[in-house]
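The structure under discussion appears below in the form of structure tokens.
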Amino acid sequence: MVNQRFREAVWVALASLRTSKLRSFLTLLGIILATTTLIAVMSLIHGMDVYIAEKVSDMGADGFRVERMAFFGDFDPKKYLEFLRKNPELRRDEYEFIKSKATMVKEIAIYVERMGPVVADGDRVDGVAIQGVSASYAAIEDTQIESGRYISEVDDQRHLMVVVLGHDFKDRWFPNVDAVGKVVQVDGRPYEVIGVAKAKGSVFGMSRDNFVAMPAETYFKSYGARKGISYAVMAAGHDKFQQAQEEVRVLIRSYRRLLPGQEDNFAVFSSETIANAWNQMTAAIAATAIGVVSVFMVVGGVVIMNIMLAVVSERTQEIGIRKSLGARRSDILNQFLVESSVLAASGGLFGVGIAWVFAVAIRNLTPVPMEMPMMSVALGVGLSMTVGLFFGIYPARRASKLDPIEALRVER
């Protein structure tokens with residue numbers, strides 16, 4: 001019996017939506033906007049979380065970096081100028097000191113980069129990432145080789161003029177032949193190709209395969225060793241990750257003779273640091289979204305309440321007939337509560353559809369990753385139903401309290 005009454009109330013609510021489509025749409029506009037906003041923001045945050053975990057934070061669970069300075073979150077020009085003044089460049093002799101003293105570290109490598117042109121067979125590409133790396137860099141950054149080999153310690157020690165090509169150049173210059181053994185011009189100097197890296201994909205639409213990597217010592221010979229050096233480090237194990245970071249920090253402080261009260265004049269960060277910075281940013285985005293969604297939901301709820309009051313007035317005689325035939329106050333109350341909830345849930349489902357179309361369009365047309373989690377759909381529809389239920393209480397109570405005799409006297 002209860003299920004029959006519930007189904008009847010649902011069908012009445014859906015019939016009301018069908019017969020007054022424009023009024024229903026305008027009634028639900030606030031709920032639709034609220035649900036769309038909520039799910040779109042959650043899709044953006046979830047998509048970015050996955051994206052950062054998979055692509056941006058590519059140092060792995062055991063890897064971390066040492067840089068001259070690093071910014072996460074808001075960029076502060078004053079802090080940047082202060083860091084430029086007090087933070088010295090990382091140096092090769094400092095790197096050798098850490099490498100010889102560290103006990104919690106499995107691998108450590110120098111990494112340095114500049115942008116420049118690369119030419120092969122007269123085809124010039126500007127803005128290429130020219131990297132100088134140690135032999136162990138591939139293991140730390142998980143660079144995999146498709147053909148040939150990676151840079152070795154011997155290449156580094158002998159300052160050999162060799163490079164590993166990013167996959168973009170394999171596709172562009174050597175699509176049908178082996179690139180190993182070919183010669184390319186890097187910033188006007190000839191280098192022999194010893195390997196081609198597997199494709200890494202892109203980050204926010206920017207290719208990660210647009211690079212050439214050469215031995216660090218070869219890089220220093222060509223460009224000097226004073227600027228842009230950073231250290232890539234891999235801990236001896238995940239259980240020693242924190243100790244490895246602290247050990248490297250202590251060694252650098254010791255090498256630079258920093259006193260116990262002095263701040264670090266360098267930056268140590270890992271994938272976890274990037275993830276934490278992103279979480280702080282998303283917390284602010286989520287807080288703003290909650291404010292906007294709350295306003296839309298309240299506006300939508302008030303509109304639903306007014307519409308339900310109008311429906312009660314339109315159906316006063318019907319209510320009188322039902323009561324005269326034995327319907328109880330609880331039956332009338334439940335019917336209008338179900339109607340208002342179904343009305344609001346319909347708006348929520350419509351908002352889910354709009355958010356899904358929006359997420360698919362953004363993902364396919366832009367480099368911004370969006371991925372709709374099922375939790376956001378359930379939350380959006382559930383919140384819409386709750387708003388409809390809450391704001392439907394007053395009209396439902398008013399309908400249930402109508403006197404059947406007075407209600408029957410009301411003219412249609």
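The chains in the structure tokens are called A, B, ... from first to last as shown; in each chain the residues are counted from 1, and the ligands are counted from 1 in the order shown.
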Set the distance at 10 Å and use only C-alpha atoms: which residues neighbour Tyr394 in chain A once local chain neighbours fewer than 3 positions away are removed? I'd like the list as an MDAnalysis selection string.
chainID A and resid 305:306 308:309 333 336:337 389:391 397:400
The selected residues should be written to file as a compact mmCIF listing (two decimals), in the first residue's frame (atoms: C-alpha atoms).
# COMPACT_ATOMS: atom_id res chain seq x y z
CA MET A 305 8.24 26.12 -2.21
CA ASN A 306 6.33 28.92 -3.97
CA MET A 308 4.24 23.91 -4.48
CA LEU A 309 2.09 26.49 -2.64
CA LEU A 333 1.62 15.29 3.53
CA PHE A 336 3.31 16.61 -1.62
CA LEU A 337 6.68 15.88 -0.01
CA LEU A 389 12.13 17.75 0.67
CA PHE A 390 13.06 20.58 3.05
CA PHE A 391 11.38 23.36 1.12
CA ARG A 397 1.76 20.69 5.86
CA ARG A 398 -0.55 23.38 4.57
CA ALA A 399 -2.19 20.90 2.18
CA SER A 400 -2.57 18.25 4.88
Contacts of range 312-381 of chain A with range 28-42 of chain A up to 12 Å, shortest pair per row, only C-alpha atoms, as JSON lines:
{"residue": "A:Ser340", "atom": "CA", "partner": "A:Leu28", "partner_atom": "CA", "distance": 10.7}
{"residue": "A:Ser341", "atom": "CA", "partner": "A:Leu28", "partner_atom": "CA", "distance": 11.5}
{"residue": "A:Val342", "atom": "CA", "partner": "A:Leu28", "partner_atom": "CA", "distance": 11.1}
{"residue": "A:Leu343", "atom": "CA", "partner": "A:Leu28", "partner_atom": "CA", "distance": 7.7}
{"residue": "A:Ala344", "atom": "CA", "partner": "A:Leu28", "partner_atom": "CA", "distance": 6.7}
{"residue": "A:Ala345", "atom": "CA", "partner": "A:Ile31", "partner_atom": "CA", "distance": 8.6}
{"residue": "A:Ser346", "atom": "CA", "partner": "A:Leu28", "partner_atom": "CA", "distance": 8.1}
{"residue": "A:Gly347", "atom": "CA", "partner": "A:Ile32", "partner_atom": "CA", "distance": 5.1}
{"residue": "A:Gly348", "atom": "CA", "partner": "A:Thr35", "partner_atom": "CA", "distance": 5.7}
{"residue": "A:Leu349", "atom": "CA", "partner": "A:Ile32", "partner_atom": "CA", "distance": 8.0}
{"residue": "A:Phe350", "atom": "CA", "partner": "A:Ile32", "partner_atom": "CA", "distance": 6.3}
{"residue": "A:Gly351", "atom": "CA", "partner": "A:Ile32", "partner_atom": "CA", "distance": 4.5}
{"residue": "A:Val352", "atom": "CA", "partner": "A:Thr36", "partner_atom": "CA", "distance": 6.0}
{"residue": "A:Gly353", "atom": "CA", "partner": "A:Thr36", "partner_atom": "CA", "distance": 8.2}
{"residue": "A:Ile354", "atom": "CA", "partner": "A:Thr36", "partner_atom": "CA", "distance": 6.4}
{"residue": "A:Ala355", "atom": "CA", "partner": "A:Thr36", "partner_atom": "CA", "distance": 5.0}
{"residue": "A:Trp356", "atom": "CA", "partner": "A:Ala40", "partner_atom": "CA", "distance": 7.9}
{"residue": "A:Val357", "atom": "CA", "partner": "A:Ala40", "partner_atom": "CA", "distance": 9.9}
{"residue": "A:Phe358", "atom": "CA", "partner": "A:Ala40", "partner_atom": "CA", "distance": 7.5}
{"residue": "A:Ala359", "atom": "CA", "partner": "A:Ala40", "partner_atom": "CA", "distance": 6.8}
{"residue": "A:Val360", "atom": "CA", "partner": "A:Ala40", "partner_atom": "CA", "distance": 10.5}
{"residue": "A:Ala361", "atom": "CA", "partner": "A:Ala40", "partner_atom": "CA", "distance": 11.6}
{"residue": "A:Ile362", "atom": "CA", "partner": "A:Ala40", "partner_atom": "CA", "distance": 10.3}
{"residue": "A:Arg363", "atom": "CA", "partner": "A:Ala40", "partner_atom": "CA", "distance": 11.8}
{"residue": "A:Pro369", "atom": "CA", "partner": "A:Ala40", "partner_atom": "CA", "distance": 11.5}
{"residue": "A:Met370", "atom": "CA", "partner": "A:Ala40", "partner_atom": "CA", "distance": 8.3}
{"residue": "A:Glu371", "atom": "CA", "partner": "A:Met42", "partner_atom": "CA", "distance": 8.5}
{"residue": "A:Met372", "atom": "CA", "partner": "A:Met42", "partner_atom": "CA", "distance": 7.2}
{"residue": "A:Pro373", "atom": "CA", "partner": "A:Met42", "partner_atom": "CA", "distance": 7.6}
{"residue": "A:Met374", "atom": "CA", "partner": "A:Ile39", "partner_atom": "CA", "distance": 9.7}
{"residue": "A:Met375", "atom": "CA", "partner": "A:Met42", "partner_atom": "CA", "distance": 9.2}
{"residue": "A:Ser376", "atom": "CA", "partner": "A:Ile39", "partner_atom": "CA", "distance": 5.6}
{"residue": "A:Val377", "atom": "CA", "partner": "A:Ile39", "partner_atom": "CA", "distance": 6.8}
{"residue": "A:Ala378", "atom": "CA", "partner": "A:Ile39", "partner_atom": "CA", "distance": 9.8}
{"residue": "A:Leu379", "atom": "CA", "partner": "A:Ile39", "partner_atom": "CA", "distance": 8.5}
{"residue": "A:Gly380", "atom": "CA", "partner": "A:Thr35", "partner_atom": "CA", "distance": 5.3}
{"residue": "A:Val381", "atom": "CA", "partner": "A:Thr35", "partner_atom": "CA", "distance": 7.5}
Residues of range 100-287 of chain A classed as strand (DSSP E) by DSSP on the backbone are to be reported as a ChimeraX atom specification.
/A:105-120,123-133,145-148,162-165,183-186,189-197,202-203,206-207,211-215,230-235,267-270
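Closest approach to Pro88 in chain A among A:Asn265, A:Gly195, A:Thr366, A:Ile290 is made by A:Asn265 (distances from only C-alpha atoms).
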What lies within 12 Å of Ala179 in chain A using only C-alpha atoms, ignoring chain neighbours under 5 positions off, as a list in words?
Ala120, Glu146, Ser147, Gly148, Arg149, Val163, Val164, Leu165, Gly166, His167, Phe169, Lys170, Asp171, Arg172, Trp173, Phe174, Val184, Glu192, Val193, Ile194, Gly195, Val196 and Ala197 of chain A
Residues as selected, C-alpha atoms, written as a tab-separated table (two decimals), in the first residue's frame, can you do that?
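Contents of result09.tsv, freshly written:
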chain	number	residue	atom	x	y	z
A	120	ALA	CA	68.41	17.53	-38.45
A	146	GLU	CA	62.72	2.69	-27.08
A	147	SER	CA	65.86	2.12	-29.14
A	148	GLY	CA	69.60	2.43	-28.46
A	149	ARG	CA	70.70	3.24	-24.93
A	163	VAL	CA	72.37	12.79	-27.12
A	164	VAL	CA	69.19	10.87	-26.37
A	165	LEU	CA	66.25	12.15	-28.41
A	166	GLY	CA	62.75	12.70	-27.09
A	167	HIS	CA	60.12	10.75	-29.00
A	169	PHE	CA	62.01	13.99	-32.86
A	170	LYS	CA	61.94	10.30	-33.68
A	171	ASP	CA	58.46	10.80	-35.16
A	172	ARG	CA	59.50	13.97	-36.98
A	173	TRP	CA	62.95	13.16	-38.37
A	174	PHE	CA	63.34	9.38	-38.30
A	184	VAL	CA	71.79	16.26	-35.10
A	192	GLU	CA	75.53	11.66	-32.30
A	193	VAL	CA	72.19	10.07	-31.38
A	194	ILE	CA	72.74	7.11	-29.06
A	195	GLY	CA	69.13	6.48	-28.06
A	196	VAL	CA	65.46	7.42	-28.40
A	197	ALA	CA	63.21	7.69	-25.34
Extract the full set of alpha helix (DSSP H) residues from range 83-193 of chain A according to DSSP on the backbone, and format it as an MDAnalysis selection string.
chainID A and resid 83:86 92:101 137:141 153:157 167:173
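The coordinates place CA of Lys182 in chain A at 10.2 Å from CA of Val162 in chain A.
One distance worth recording is that between CA of Val295 in chain A and CA of Gly382 in chain A, which is 16.9 Å.
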